[in-house]
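Structure below is input-v7.csv: CSV, C-alpha atoms.
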```
chain,number,residue,atom,x,y,z
A,1,MET,CA,0.0,0.0,0.0
A,2,LEU,CA,1.3,3.4,-0.9
A,3,PRO,CA,2.1,5.7,2.1
A,4,ALA,CA,-0.3,8.4,1.0
A,5,VAL,CA,-3.1,5.8,0.6
A,6,ARG,CA,-2.3,4.3,4.0
A,7,LYS,CA,-2.3,7.7,5.7
A,8,ARG,CA,-5.6,8.6,4.2
A,9,GLU,CA,-7.1,5.3,5.4
A,10,ILE,CA,-5.7,5.9,8.9
A,11,VAL,CA,-7.5,9.3,9.0
A,12,GLU,CA,-10.7,7.8,7.8
A,13,LEU,CA,-10.5,4.9,10.3
A,14,VAL,CA,-9.7,7.2,13.3
A,15,SER,CA,-12.5,9.5,12.3
A,16,GLU,CA,-15.0,6.6,12.1
A,17,GLU,CA,-13.9,4.8,15.3
A,18,GLY,CA,-13.2,7.8,17.5
A,19,GLU,CA,-10.0,6.3,18.8
A,20,CYS,CA,-7.6,3.7,17.4
A,21,SER,CA,-4.5,2.1,19.0
A,22,VAL,CA,-1.2,1.7,17.2
A,23,ALA,CA,-1.5,-2.0,17.4
A,24,ASP,CA,-5.0,-2.0,15.8
A,25,LEU,CA,-3.9,0.3,13.0
A,26,ALA,CA,-0.8,-1.8,12.3
A,27,ALA,CA,-3.0,-4.9,12.0
A,28,GLU,CA,-5.5,-3.1,9.8
A,29,MET,CA,-2.9,-1.6,7.5
A,30,ASP,CA,-0.7,-4.8,7.5
A,31,CYS,CA,2.4,-2.9,8.5
A,32,SER,CA,4.7,-2.5,11.5
A,33,LYS,CA,3.9,-0.4,14.6
A,34,ALA,CA,7.0,1.7,13.9
A,35,THR,CA,5.5,2.6,10.4
A,36,ILE,CA,2.2,3.5,12.1
A,37,ARG,CA,3.9,5.7,14.7
A,38,ARG,CA,5.8,7.6,11.9
A,39,ASP,CA,2.5,8.0,10.0
A,40,LEU,CA,0.7,9.3,13.1
A,41,SER,CA,3.5,11.8,13.8
A,42,ASP,CA,3.2,13.1,10.2
A,43,LEU,CA,-0.6,13.3,10.3
A,44,GLU,CA,-0.5,15.1,13.7
A,45,ASP,CA,1.9,17.7,12.2
A,46,ARG,CA,-0.6,18.2,9.4
A,47,LYS,CA,-3.4,18.6,12.0
A,48,LEU,CA,-5.3,15.6,10.5
A,49,ILE,CA,-5.4,13.6,13.8
A,50,GLU,CA,-4.2,14.0,17.4
A,51,ARG,CA,-1.9,11.5,19.1
A,52,SER,CA,-3.3,9.8,22.2
A,53,HIS,CA,-1.6,7.4,24.7
A,54,GLY,CA,-0.9,4.4,22.5
A,55,GLY,CA,-2.8,5.6,19.4
A,56,ALA,CA,-4.7,8.4,17.8
A,57,VAL,CA,-8.0,10.3,18.1
A,58,PRO,CA,-9.9,12.7,15.7
A,59,VAL,CA,-8.4,16.2,15.9
A,60,THR,CA,-11.8,17.8,16.4
A,61,THR,CA,-14.4,17.6,19.1
A,62,VAL,CA,-18.1,18.5,19.3
A,63,GLY,CA,-18.5,22.2,18.4
A,64,ASN,CA,-15.2,22.5,16.5
A,65,GLU,CA,-14.9,22.8,12.8
A,66,GLN,CA,-12.8,20.5,10.7
A,67,THR,CA,-10.4,22.0,8.2
A,68,TYR,CA,-10.6,21.5,4.4
A,69,GLY,CA,-7.5,19.3,4.6
A,70,GLN,CA,-9.1,17.0,7.1
A,71,LYS,CA,-12.4,16.7,5.2
A,72,GLU,CA,-10.5,16.3,1.9
A,73,VAL,CA,-9.2,12.8,2.9
A,74,GLN,CA,-12.3,11.5,4.7
A,75,ASN,CA,-14.5,9.1,2.8
A,76,LEU,CA,-12.9,10.1,-0.4
A,77,ASP,CA,-14.2,7.1,-2.3
A,78,GLY,CA,-17.8,8.1,-1.4
A,79,LYS,CA,-17.3,11.7,-2.3
A,80,MET,CA,-15.8,10.7,-5.7
A,81,ARG,CA,-18.9,8.6,-6.4
A,82,ILE,CA,-21.2,11.5,-5.4
A,83,GLY,CA,-19.2,13.9,-7.6
A,84,GLU,CA,-19.4,11.7,-10.7
A,85,ARG,CA,-23.2,11.3,-10.4
A,86,ALA,CA,-23.8,15.0,-9.5
A,87,ALA,CA,-21.9,16.3,-12.5
A,88,ALA,CA,-24.4,14.5,-14.7
A,89,GLU,CA,-26.9,17.2,-13.6
A,90,ILE,CA,-25.0,19.9,-15.6
A,91,THR,CA,-26.3,20.8,-19.0
A,92,GLU,CA,-25.2,23.2,-21.7
A,93,ASN,CA,-25.6,27.0,-21.3
A,94,GLN,CA,-26.3,26.8,-17.6
A,95,VAL,CA,-24.9,29.1,-14.9
A,96,VAL,CA,-23.7,26.6,-12.2
A,97,PHE,CA,-22.7,27.6,-8.7
A,98,PHE,CA,-20.3,25.3,-6.8
A,99,ASP,CA,-20.3,25.8,-3.1
A,100,ALA,CA,-16.9,25.5,-1.3
A,101,GLY,CA,-16.2,22.1,0.1
A,102,SER,CA,-14.5,18.7,-0.4
A,103,THR,CA,-17.5,17.0,-1.9
A,104,THR,CA,-18.3,19.8,-4.3
A,105,MET,CA,-14.7,19.6,-5.3
A,106,GLN,CA,-15.4,16.1,-6.6
A,107,VAL,CA,-18.3,17.5,-8.6
A,108,ALA,CA,-15.9,20.1,-10.1
A,109,LYS,CA,-13.4,17.4,-11.0
A,110,ASN,CA,-16.1,15.6,-12.9
A,111,ALA,CA,-17.6,18.7,-14.6
A,112,PRO,CA,-18.1,18.1,-18.3
A,113,GLU,CA,-15.4,19.6,-20.6
A,114,ASN,CA,-17.5,19.3,-23.8
A,115,ARG,CA,-20.4,21.4,-22.7
A,116,SER,CA,-20.7,25.2,-22.5
A,117,PHE,CA,-21.6,26.4,-19.0
A,118,LEU,CA,-20.6,29.2,-16.7
A,119,ALA,CA,-19.1,28.1,-13.4
A,120,VAL,CA,-19.4,30.3,-10.3
A,121,THR,CA,-17.9,29.5,-6.9
A,122,ASN,CA,-16.9,31.0,-3.6
A,123,SER,CA,-13.8,28.8,-3.5
A,124,PRO,CA,-10.5,29.7,-5.1
A,125,VAL,CA,-9.5,26.0,-4.9
A,126,LEU,CA,-12.6,25.0,-6.9
A,127,ALA,CA,-12.1,27.9,-9.3
A,128,LEU,CA,-8.6,26.5,-10.2
A,129,GLU,CA,-10.0,23.0,-10.7
A,130,LEU,CA,-12.9,24.3,-12.8
A,131,GLY,CA,-10.6,26.4,-14.9
A,132,GLU,CA,-8.6,23.3,-15.8
A,133,GLN,CA,-11.8,22.0,-17.5
A,134,ALA,CA,-11.6,25.0,-19.9
A,135,ASN,CA,-14.8,26.4,-18.4
A,136,ASP,CA,-15.5,30.1,-17.8
A,137,VAL,CA,-15.2,30.7,-14.1
A,138,LYS,CA,-16.3,33.6,-11.9
A,139,LEU,CA,-15.4,34.0,-8.2
A,140,THR,CA,-17.7,35.7,-5.7
A,141,GLY,CA,-14.9,37.7,-4.1
A,142,GLY,CA,-14.7,38.2,-0.3
A,143,SER,CA,-12.4,37.3,2.5
A,144,LEU,CA,-10.8,33.8,2.6
A,145,ARG,CA,-11.6,31.5,5.5
A,146,HIS,CA,-8.5,29.4,5.9
A,147,GLU,CA,-10.4,26.6,7.7
A,148,THR,CA,-12.6,25.8,4.7
A,149,ARG,CA,-10.9,27.8,1.9
A,150,ALA,CA,-14.2,29.6,1.3
A,151,LEU,CA,-14.7,33.2,0.4
A,152,THR,CA,-17.2,34.9,2.8
A,153,GLY,CA,-18.1,38.4,4.1
A,154,PRO,CA,-19.9,41.5,2.7
A,155,SER,CA,-18.3,41.4,-0.7
A,156,ALA,CA,-19.3,37.8,-1.3
A,157,GLU,CA,-22.8,38.5,0.0
A,158,ARG,CA,-23.2,41.5,-2.4
A,159,PHE,CA,-22.2,39.4,-5.3
A,160,MET,CA,-24.7,36.7,-4.4
A,161,GLU,CA,-27.5,39.3,-4.0
A,162,ARG,CA,-27.2,40.5,-7.6
A,163,THR,CA,-26.7,37.1,-9.3
A,164,ASN,CA,-28.8,34.1,-10.2
A,165,PHE,CA,-27.9,30.5,-11.0
A,166,ASP,CA,-29.6,27.6,-12.8
A,167,VAL,CA,-28.1,25.0,-10.6
A,168,LEU,CA,-26.4,25.0,-7.2
A,169,PHE,CA,-24.2,22.2,-5.9
A,170,LEU,CA,-24.5,22.7,-2.1
A,171,GLY,CA,-22.4,21.3,0.7
A,172,THR,CA,-23.3,21.0,4.4
A,173,ASN,CA,-21.6,20.0,7.7
A,174,ALA,CA,-24.8,18.5,9.1
A,175,ILE,CA,-28.2,17.3,8.0
A,176,LYS,CA,-30.7,16.9,10.8
A,177,PRO,CA,-34.3,16.5,9.5
A,178,PRO,CA,-36.7,17.9,10.2
A,179,GLU,CA,-34.6,20.7,11.7
A,180,GLY,CA,-32.6,21.4,8.5
A,181,LEU,CA,-29.1,21.9,7.2
A,182,MET,CA,-26.4,23.3,9.4
A,183,THR,CA,-22.8,24.6,9.4
A,184,PRO,CA,-20.4,25.8,12.2
A,185,ASN,CA,-19.7,29.3,10.8
A,186,GLU,CA,-22.2,32.2,10.7
A,187,ASP,CA,-20.6,33.9,7.7
A,188,GLU,CA,-20.7,30.7,5.7
A,189,ALA,CA,-24.3,30.1,6.8
A,190,ARG,CA,-25.4,33.5,5.5
A,191,LEU,CA,-23.7,32.9,2.1
A,192,LYS,CA,-25.2,29.4,1.8
A,193,SER,CA,-28.7,30.9,2.4
A,194,LEU,CA,-28.1,33.4,-0.4
A,195,MET,CA,-26.9,30.7,-2.7
A,196,ILE,CA,-30.2,28.8,-2.2
A,197,GLU,CA,-32.3,31.9,-2.5
A,198,ASN,CA,-30.8,32.7,-5.9
A,199,ALA,CA,-30.7,29.2,-7.4
A,200,GLY,CA,-33.3,27.7,-9.7
A,201,ARG,CA,-32.4,24.1,-8.6
A,202,VAL,CA,-30.6,23.1,-5.5
A,203,VAL,CA,-28.6,19.9,-5.5
A,204,LEU,CA,-27.3,18.9,-2.1
A,205,VAL,CA,-24.1,16.7,-2.2
A,206,SER,CA,-23.1,15.1,1.0
A,207,ASP,CA,-21.7,11.8,2.2
A,208,GLY,CA,-23.6,9.7,4.8
A,209,SER,CA,-21.5,10.9,7.7
A,210,LYS,CA,-23.4,14.2,7.8
A,211,LEU,CA,-26.8,12.6,8.3
A,212,ASP,CA,-28.4,13.0,11.7
A,213,LYS,CA,-25.7,15.4,12.8
A,214,GLN,CA,-26.1,18.9,14.3
A,215,SER,CA,-24.0,22.0,13.9
A,216,PHE,CA,-24.0,25.5,15.2
A,217,VAL,CA,-26.0,27.5,12.6
A,218,LYS,CA,-29.0,26.4,10.5
A,219,PHE,CA,-28.9,27.8,7.0
A,220,ALA,CA,-31.7,25.9,5.2
A,221,GLU,CA,-34.8,23.8,5.5
A,222,VAL,CA,-35.1,20.3,4.0
A,223,GLU,CA,-37.8,21.9,1.7
A,224,ASP,CA,-35.2,24.2,0.2
A,225,ILE,CA,-33.5,21.2,-1.5
A,226,ASP,CA,-34.5,19.8,-4.9
A,227,VAL,CA,-32.1,16.8,-5.1
A,228,PHE,CA,-30.0,15.1,-2.4
A,229,ILE,CA,-27.1,12.9,-3.7
A,230,THR,CA,-25.3,10.7,-1.2
A,231,ASP,CA,-23.2,7.6,-1.1
A,232,THR,CA,-25.2,5.8,1.6
A,233,LYS,CA,-28.5,4.0,1.9
A,234,LEU,CA,-31.0,5.9,3.9
A,235,SER,CA,-33.2,4.2,6.4
A,236,ASP,CA,-37.0,4.5,6.1
A,237,GLU,CA,-36.9,7.0,9.0
A,238,GLN,CA,-34.2,9.1,7.3
A,239,HIS,CA,-36.1,9.0,4.0
A,240,GLU,CA,-39.4,10.3,5.5
A,241,PRO,CA,-38.6,14.1,5.8
A,242,PHE,CA,-37.1,14.1,2.3
A,243,ASP,CA,-40.1,12.3,0.9
A,244,ALA,CA,-42.5,14.7,2.7
A,245,ALA,CA,-40.7,17.7,1.2
A,246,ASP,CA,-40.7,16.2,-2.3
A,247,VAL,CA,-36.9,16.0,-2.4
A,248,GLU,CA,-35.5,13.5,-5.0
A,249,VAL,CA,-33.0,11.3,-3.1
A,250,ILE,CA,-30.3,9.6,-5.1
A,251,GLU,CA,-28.5,7.2,-2.8
A,252,GLU,CA,-25.8,4.6,-2.9
A,253,VAL,CA,-24.4,6.1,-6.0
A,254,GLU,CA,-21.9,4.0,-7.9
A,255,GLN,CA,-19.0,4.7,-10.2
```

Could you quickly redo this structure as C-alpha cells?
Amino acid sequence: MLPAVRKREIVELVSEEGECSVADLAAEMDCSKATIRRDLSDLEDRKLIERSHGGAVPVTTVGNEQTYGQKEVQNLDGKMRIGERAAAEITENQVVFFDAGSTTMQVAKNAPENRSFLAVTNSPVLALELGEQANDVKLTGGSLRHETRALTGPSAERFMERTNFDVLFLGTNAIKPPEGLMTPNEDEARLKSLMIENAGRVVLVSDGSKLDKQSFVKFAEVEDIDVFITDTKLSDEQHEPFDAADVEVIEEVEQ
C-alpha cells in the first residue's frame, strides 16, 4: 500500500472509530507499529489527527470545525462517487454555482469539458479546478476563511444578492431532518442561504457521515432542497422528511 493511501485510510478509520490504537492500526494496515507511529507523527503535524496514549483520536471535538485538509481525505471514495453522479446534472448553457467544500470539489473534478456552461464559486481552490476543465469561471470575491478555503463576508454576499444560477451544488456540515441543514460558521451560513435563494435548482451533495448530525448555525430547511445525492443507503426513517418535502434522493451512487 502506498504511504499516501495508507495515511488517508488511517485518518478515515480514526474519524470513524473515534480512537484507534497503534496495534490495531498496524494490524488493519498490515504494516509495522513503527511505520504507524511515523505516519501518526506526520498526520499530527498536518493537523489531521491527534496523538493519544498508545494511538490516535480525531483532531476535532463536538462544536469545533474540521479544516478543508481533514475533510479532503475523509470518505474520499464516497465523495468521488457523489461527484461523478452529481456532475451529470450539468447541461449546456447553464450558470452553475459550486459551493466550497471537499464534496463539491469532486463535482468540479467531474464537470463536463465538452459542454458550454458558466461556473461560479466561492472557493479559489474549486475555481482553479474548474478552470482546468476549460470552463469560464467567476469568483464571488470576499475574505478567505483558511479553515474551509471559502470566500465569505460582505463582498461575497453582495455578489450573491445580484446574481442568479440555474443549478447550485451545495455542501453541508450537518443534516438533521426535520430541523434542517447546518454549518459551524455564521458567515458561511449566510452565504449558503443566499446561494439557495438565488438558485433555480438546489442539489445537495453530502456523504452519509453528515446525516443525523447537528452543527451551530442552521442555513436551510429540507424543503429548500430539490435533489439530495449521497453515497449511503437511507433508512425509512431518514427518508421520511425528504419524501415529505418532495426531495429527490439519489442514494448509494456507484461509479

Selection near Ser52 in chain A, 9 Å with only C-alpha atoms, sequence-local residues under 5 positions removed, as a list in words:
Glu19, Cys20, Ser21 and Val57 of chain A

Taking 3 positions as the minimum chain separation for residues in the same chain, which residues sit within 9 Å of range 194-209 of chain A when counting all atoms listed in the file? Answer as an NGL selection string.
:A and (16 or 75 or 78-79 or 82-83 or 86 or 89 or 96-97 or 99 or 103-104 or 107 or 157 or 160-175 or 189-191 or 212-213 or 220 or 224-234)

Quick one: pull the distance between CA of Phe242 in chain A and CA of Glu92 in chain A, Å, one decimal.
28.3 Å

Would you mind listing what lies within 10 Å of Ala111 in chain A as number ranges by chain, with only C-alpha atoms counted and same-chain residues fewer than 3 positions away left out?
A: 83-84, 86-91, 105-108, 114-115, 117, 119, 129-130, 133, 135

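For the pair CA of Glu132 in chain A and CA of Asp77 in chain A, the interatomic distance is 21.8 Å.
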
List as number ranges by chain the protein and nucleic acid residues near Ile10 in chain A, meaning an atom at most 10 Å away when only C-alpha atoms are counted, but skip any in the same chain fewer than 3 places from it.
A: 4-7, 13-16, 20, 25-26, 28-29, 36, 39-40, 43, 48-49, 56, 73-74

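If you look at CA of Lys47 in chain A and CA of Ala34 in chain A, they are 19.9 Å away from each other.
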
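Surrounding residues of (-12.5, 30.6, -12.4) at most 6 Å away are Ala127, Gly131, Val137 and Lys138 of chain A (based on only C-alpha atoms).
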
Limited to C-alpha atoms, could you put the picked residues into a file as a PDB file, in the frame of the given file?
```
ATOM      1  CA  ALA A 127     -12.100  27.900  -9.300  1.00  0.00           C
ATOM      2  CA  GLY A 131     -10.600  26.400 -14.900  1.00  0.00           C
ATOM      3  CA  VAL A 137     -15.200  30.700 -14.100  1.00  0.00           C
ATOM      4  CA  LYS A 138     -16.300  33.600 -11.900  1.00  0.00           C
TER       5      LYS A 138
END
```

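Compared by their closest atoms to Thr35 in chain A, and using all atoms listed in the file, the residues A:Gly55, A:Arg8, A:Pro3, A:Glu17 rank with A:Pro3 nearest.
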
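In terms of minimum interatomic distance to Val253 in chain A, A:Arg81 ranks closest within A:Arg46, A:Arg81, A:Lys218, A:Lys33, counting only C-alpha atoms.
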
Excluding same-chain residues fewer than 4 positions from Arg149 in chain A, what lies within 9 Å of it counting all atoms listed in the file, as a short mmCIF file (atom, residue, chain, number, x, y, z; two decimals) with C-alpha atoms, in the coordinates of the input?
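Generated file (selection-v6.cif):
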```
data_model
loop_
_atom_site.label_atom_id
_atom_site.label_comp_id
_atom_site.auth_asym_id
_atom_site.auth_seq_id
_atom_site.Cartn_x
_atom_site.Cartn_y
_atom_site.Cartn_z
CA THR A 67 -10.40 22.00 8.20
CA TYR A 68 -10.60 21.50 4.40
CA ALA A 100 -16.90 25.50 -1.30
CA GLY A 101 -16.20 22.10 0.10
CA ASN A 122 -16.90 31.00 -3.60
CA SER A 123 -13.80 28.80 -3.50
CA PRO A 124 -10.50 29.70 -5.10
CA VAL A 125 -9.50 26.00 -4.90
CA LEU A 144 -10.80 33.80 2.60
CA ARG A 145 -11.60 31.50 5.50
#
```
